Structures are given as structure tokens and as C-alpha cells.
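Everything on this sheet refers to the single structure shown next.
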Amino acid sequence: MINDDKPYPSENLKTDDVEVVEKTRVWDGYFKLDKYLLRHSLHDGGMSGKMSREIFERGHAAAAILYDPDIEKLVFIEQFRPGAYAALKSPWFDEEKFSPWILEIVAGIIDEGETPDSVIRREAVEEANCEVLDMVPITHYLVSPGGSTESMFLFCARINASNAGGVYGLTEEHEDIRVLPVDVGDALKWLDQGRFINSMTLIAMQWFATNHASMRARWTK
């Protein structure tokens, strides 16, 4: 039984409470995979047995929901995702209802020497042909902590969406990205209808649904 007199576990247990016995790089391609043999402290005291886990070394990323408060539009992108294609072949998805062309917000990996906000400015141009005029941080979260290192810095970015649309992306990165300007009201209906099926877009849209009025007031003074 956990001792309720202790602080909340996230305040009590830290990374120092993990012992890495062995770490091995088992795949080093476009994506990287590390195998860990480790032990960790237990909530009730003592140490766990040795645990063997493969961890997807994904890196860290930044994403932004693009918003034009002057014409009340959000800008989304749509592109093919091979992981979605593989997932949608499972019996848990209706292939008639879902597609591997995913409705998303702009996002990109943070390369060495970059900052999360500089990634947003770069990706907004590369993926959506939109210049970021201002941005507000939303949150920083772990994408899939059971088996991946990836974390996501999430923003809301102000843009001019008056001429948004078209197809963009870098050919050398196999990008074929359709830009979709959407009325705010329609996007909020899509949220209620479950049309967003990836975590970064869902989190951004849930945040935007709550903070829409304050963001519009911030940027239309």
C-alpha cells in the first residue's frame, strides 16, 4: 500500500531514481531504437526488478495551430502518414471512415541549433506558406512516454490567412501537403465530430476551444 503521507509521486520520484544497467543502440536509421535494461524506485520503497524495454528515440518537436483573428479562420494541413496507414489496417478502425491522409496542424522536428519557436516559423512557411506574426505557448508534453522519447512544444500562432491554400512541402522530404483554411466555427464542429485523430491537433483544438475569445481579444485590439 502506498503511504499517503508522502508527497505526490511526481514530486517524490525523479530521474535520479532510475538505474540504467545497460543501454544499446539496436537500430540507427531514419528512426533510432535503443534497448534499455533498467531498474527504478518503487512508490512503496525499494527498487524494481530489471526491466528490458526498446525505446523509440524520436527527438523533440514543435507544432502550432495557425489562427487569423481578423477573418476568423484556422489553417490546417493534410498529408499522408505511413504510421496512420499501418494503424488503420488494424480491426480497430473503419477504413471507410478514416484515412491515412491526416488533418493536422503544422509541425516539425527541432534540429540541432534550433528553438521550438524558430521551428514553428520555418514550418509555417514550408508547410502552409504562412508567415507567423506572433505566437503564444500552449504546453510542452510527452507524446507517447511508454515507448518513445518524443516531446511536443505546442503553440498558437497568429497569421494572415487571407490567401491561404494550395499544396506545399519539400519534395526531398517526400512532403505533399494540402493547406486547408477553415472557419473557426466549422473547425470547432469538426472537433466535436471527432475529425481530428492525432494528439497534437486534438490538444491544440481543445485548448483553442477554451481560449478562442481571449486569443481573438489579444490580437484584435
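For the C-alpha cells, the naming scheme is as follows: chains receive sequential letters (A, B, ...) according to their order of presentation, residues are indexed from 1 within each chain, and ligands are indexed from 1 in presentation order.
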Output as JSON lines one row per residue of range 146-175 of chain A within 10 Å of range 195-214 of chain A: the closest atom pair and its distance in Å to one decimal place, counting only C-alpha atoms, sorted by chain and residue number ascending.
```
{"residue": "A:Met152", "atom": "CA", "partner": "A:Met200", "partner_atom": "CA", "distance": 7.7}
{"residue": "A:Phe153", "atom": "CA", "partner": "A:Met200", "partner_atom": "CA", "distance": 9.3}
{"residue": "A:Leu154", "atom": "CA", "partner": "A:Ala204", "partner_atom": "CA", "distance": 7.2}
{"residue": "A:Phe155", "atom": "CA", "partner": "A:Ala204", "partner_atom": "CA", "distance": 7.7}
{"residue": "A:Cys156", "atom": "CA", "partner": "A:Ala204", "partner_atom": "CA", "distance": 7.7}
```
Taking N, CA and C atoms for each residue, export the selection above as a CSV table (one decimal), in the first residue's frame.
```csv
chain,number,residue,atom,x,y,z
A,152,MET,N,6.6,17.3,-27.4
A,152,MET,CA,6.0,18.3,-28.3
A,152,MET,C,5.8,19.6,-27.6
A,153,PHE,N,6.4,20.7,-28.2
A,153,PHE,CA,6.1,22.0,-27.8
A,153,PHE,C,5.0,22.6,-28.6
A,154,LEU,N,3.9,23.0,-28.0
A,154,LEU,CA,2.7,23.4,-28.7
A,154,LEU,C,2.4,24.9,-28.6
A,155,PHE,N,2.1,25.5,-29.7
A,155,PHE,CA,1.8,26.9,-29.7
A,155,PHE,C,0.5,27.3,-30.5
A,156,CYS,N,0.1,28.5,-30.2
A,156,CYS,CA,-0.9,29.1,-31.1
A,156,CYS,C,-0.3,30.3,-31.8
```
| field | All residues 10 Å or closer to range 119-128 of chain A, only C-alpha atoms, same chain fewer than 4 positions away omitted, as a PyMOL selection string | value | chain A and resi 61-66+75-79+105-111+114-115+132-135+153-157+159+161+164-170+175-181
Expected file: the selected residues, N, CA and C atoms, as a tab-separated table (two decimals), in the first residue's frame:
```tsv
chain	number	residue	atom	x	y	z
A	61	ALA	N	9.88	17.91	-30.89
A	61	ALA	CA	9.22	18.60	-32.00
A	61	ALA	C	8.44	19.81	-31.49
A	62	ALA	N	8.00	20.63	-32.44
A	62	ALA	CA	7.16	21.78	-32.13
A	62	ALA	C	6.02	21.82	-33.14
A	63	ALA	N	4.86	22.26	-32.69
A	63	ALA	CA	3.68	22.35	-33.55
A	63	ALA	C	2.88	23.59	-33.17
A	64	ALA	N	2.09	24.10	-34.12
A	64	ALA	CA	1.29	25.29	-33.84
A	64	ALA	C	-0.03	25.25	-34.57
A	65	ILE	N	-1.07	25.69	-33.89
A	65	ILE	CA	-2.34	25.93	-34.54
A	65	ILE	C	-2.30	27.34	-35.09
A	66	LEU	N	-2.52	27.48	-36.40
A	66	LEU	CA	-2.40	28.77	-37.09
A	66	LEU	C	-3.76	29.46	-37.10
A	75	VAL	N	-5.88	27.55	-39.99
A	75	VAL	CA	-5.26	26.91	-41.14
A	75	VAL	C	-4.73	25.55	-40.73
A	76	PHE	N	-5.24	24.51	-41.37
A	76	PHE	CA	-4.79	23.14	-41.14
A	76	PHE	C	-4.05	22.64	-42.38
A	77	ILE	N	-3.38	21.51	-42.23
A	77	ILE	CA	-2.75	20.86	-43.36
A	77	ILE	C	-3.22	19.41	-43.41
A	78	GLU	N	-3.10	18.82	-44.59
A	78	GLU	CA	-3.48	17.42	-44.77
A	78	GLU	C	-2.36	16.72	-45.54
A	79	GLN	N	-1.85	15.61	-44.99
A	79	GLN	CA	-0.78	14.88	-45.66
A	79	GLN	C	-0.84	13.39	-45.31
A	105	ILE	N	-2.16	20.14	-37.67
A	105	ILE	CA	-1.58	21.47	-37.60
A	105	ILE	C	-0.12	21.38	-38.04
A	106	VAL	N	0.51	22.51	-38.38
A	106	VAL	CA	1.89	22.47	-38.84
A	106	VAL	C	2.80	22.04	-37.69
A	107	ALA	N	3.86	21.30	-38.03
A	107	ALA	CA	4.77	20.78	-37.01
A	107	ALA	C	6.09	20.41	-37.65
A	108	GLY	N	7.14	20.30	-36.82
A	108	GLY	CA	8.44	19.89	-37.31
A	108	GLY	C	9.36	19.48	-36.18
A	109	ILE	N	10.37	18.67	-36.54
A	109	ILE	CA	11.38	18.24	-35.57
A	109	ILE	C	12.32	19.40	-35.27
A	110	ILE	N	12.73	19.51	-34.01
A	110	ILE	CA	13.68	20.54	-33.59
A	110	ILE	C	15.09	20.04	-33.88
A	111	ASP	N	15.72	20.59	-34.90
A	111	ASP	CA	17.08	20.20	-35.25
A	111	ASP	C	18.09	20.89	-34.34
A	114	GLU	N	18.34	24.80	-33.25
A	114	GLU	CA	17.04	25.45	-33.37
A	114	GLU	C	16.36	25.57	-32.02
A	115	THR	N	15.36	26.44	-31.95
A	115	THR	CA	14.49	26.56	-30.79
A	115	THR	C	13.07	26.19	-31.25
A	132	VAL	N	4.43	33.64	-39.65
A	132	VAL	CA	3.98	33.79	-38.26
A	132	VAL	C	4.21	35.23	-37.82
A	133	LEU	N	3.17	35.88	-37.35
A	133	LEU	CA	3.24	37.26	-36.89
A	133	LEU	C	3.45	37.36	-35.39
A	134	ASP	N	2.96	36.39	-34.66
A	134	ASP	CA	3.10	36.35	-33.20
A	134	ASP	C	2.74	34.94	-32.77
A	135	MET	N	3.17	34.54	-31.59
A	135	MET	CA	2.77	33.22	-31.10
A	135	MET	C	2.71	33.18	-29.58
A	153	PHE	N	6.40	20.67	-28.19
A	153	PHE	CA	6.14	22.04	-27.77
A	153	PHE	C	4.98	22.55	-28.63
A	154	LEU	N	3.91	22.98	-27.99
A	154	LEU	CA	2.70	23.35	-28.71
A	154	LEU	C	2.44	24.85	-28.57
A	155	PHE	N	2.07	25.50	-29.69
A	155	PHE	CA	1.85	26.95	-29.73
A	155	PHE	C	0.54	27.26	-30.45
A	156	CYS	N	0.06	28.49	-30.22
A	156	CYS	CA	-0.95	29.11	-31.06
A	156	CYS	C	-0.25	30.27	-31.75
A	157	ALA	N	-0.31	30.31	-33.09
A	157	ALA	CA	0.42	31.33	-33.85
A	157	ALA	C	-0.54	32.18	-34.66
A	159	ILE	N	-1.45	34.40	-37.83
A	159	ILE	CA	-1.04	34.51	-39.22
A	159	ILE	C	-2.04	35.37	-39.99
A	161	ALA	N	-4.34	34.69	-43.00
A	161	ALA	CA	-4.84	33.54	-43.77
A	161	ALA	C	-5.64	33.97	-44.99
A	164	ALA	N	-4.48	31.92	-47.88
A	164	ALA	CA	-4.04	30.57	-47.54
A	164	ALA	C	-4.70	29.54	-48.44
A	165	GLY	N	-3.94	28.51	-48.81
A	165	GLY	CA	-4.45	27.44	-49.66
A	165	GLY	C	-3.34	26.93	-50.55
A	166	GLY	N	-3.61	25.84	-51.28
A	166	GLY	CA	-2.62	25.29	-52.19
A	166	GLY	C	-1.96	24.04	-51.64
A	167	VAL	N	-0.92	23.59	-52.35
A	167	VAL	CA	-0.16	22.40	-51.97
A	167	VAL	C	1.30	22.78	-51.82
A	168	TYR	N	1.92	22.40	-50.69
A	168	TYR	CA	3.30	22.79	-50.38
A	168	TYR	C	4.06	21.59	-49.82
A	169	GLY	N	5.27	21.86	-49.30
A	169	GLY	CA	6.12	20.81	-48.76
A	169	GLY	C	7.39	20.66	-49.55
A	170	LEU	N	8.37	19.97	-48.96
A	170	LEU	CA	9.67	19.75	-49.58
A	170	LEU	C	9.69	18.39	-50.26
A	175	GLU	N	7.23	15.30	-48.99
A	175	GLU	CA	6.07	16.03	-48.47
A	175	GLU	C	5.14	16.44	-49.61
A	176	ASP	N	3.88	16.18	-49.44
A	176	ASP	CA	2.82	16.59	-50.36
A	176	ASP	C	1.69	17.08	-49.48
A	177	ILE	N	1.70	18.37	-49.17
A	177	ILE	CA	0.89	18.92	-48.08
A	177	ILE	C	-0.17	19.87	-48.63
A	178	ARG	N	-1.42	19.53	-48.42
A	178	ARG	CA	-2.52	20.41	-48.83
A	178	ARG	C	-2.89	21.33	-47.68
A	179	VAL	N	-3.02	22.62	-47.98
A	179	VAL	CA	-3.34	23.63	-46.98
A	179	VAL	C	-4.85	23.89	-46.98
A	180	LEU	N	-5.44	23.86	-45.78
A	180	LEU	CA	-6.89	23.99	-45.64
A	180	LEU	C	-7.26	25.13	-44.69
A	181	PRO	N	-7.62	26.30	-45.21
A	181	PRO	CA	-8.16	27.35	-44.33
A	181	PRO	C	-9.61	27.02	-43.97
```
| said: Using only C-alpha atoms, can you tell me which of A:Arg53, A:Glu22, A:Ser41, A:Leu13 comes closest to Gly146 in chain A? | reply: A:Arg53
| task | List every residue of range 4-187 of chain A that DSSP, applied to the backbone, labels as strand (DSSP E or B), and write the result as number ranges by chain. | result | A: 18-28, 32-41, 47, 51-57, 60-68, 73-80, 101-104, 106-109, 134-142, 148, 151-158, 166-168, 177-183
| Spatial neighbours of Lys23 in chain A, max dist 10 Å, only C-alpha atoms, sep filter under 3 positions, as an MDAnalysis selection string | chainID A and resid 20 26 34:38 52:54
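Across A:Gly113, A:Gly185, A:Gly59, A:Gly49, the tightest approach to Thr149 in chain A is made by A:Gly59 when counting only C-alpha atoms.
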| message | Excluding Arg58 in chain A and its own-chain neighbours fewer than 2 positions away, which residues fall within 7 Å of it when counting only C-alpha atoms? Please give them as a VMD selection string. | response | chain A and resid 31 to 32 56 60 148 to 150
| message | If DSSP is run on the backbone, what residues of range 77-209 of chain A are alpha helix (DSSP H)? A reply as a ChimeraX atom specification would be ideal. | response | /A:82-88,116-128,184-193,199-209
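Note that the spacing between CA of Val18 in chain A and CA of Asp44 in chain A amounts to 14.9 Å.
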| said: Neighbouring residues of Glu95 in chain A were defined as those with any atom within 12 Å, considering only C-alpha atoms; residues of the same chain fewer than 6 positions away were excluded. Please report them as an MDAnalysis selection string. | reply: chainID A and resid 84:89 101
Selection above as a file: C-alpha atoms, as a short mmCIF file (atom, residue, chain, number, x, y, z; two decimals), in the first residue's frame:
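The new file selection_4.cif reads:
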```cif
data_model
loop_
_atom_site.label_atom_id
_atom_site.label_comp_id
_atom_site.auth_asym_id
_atom_site.auth_seq_id
_atom_site.Cartn_x
_atom_site.Cartn_y
_atom_site.Cartn_z
CA ALA A 84 -1.52 6.07 -39.84
CA TYR A 85 -1.74 3.79 -42.87
CA ALA A 86 -0.33 0.89 -40.83
CA ALA A 87 -2.58 1.65 -37.83
CA LEU A 88 -5.72 1.97 -39.93
CA LYS A 89 -5.21 -1.56 -41.31
CA TRP A 101 -4.24 11.41 -45.13
#
```
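In this comparison, which uses only C-alpha atoms, the residue of A:Met47, A:Met215, A:Leu74, A:Leu33 approaching Asp186 in chain A most closely is A:Leu74.
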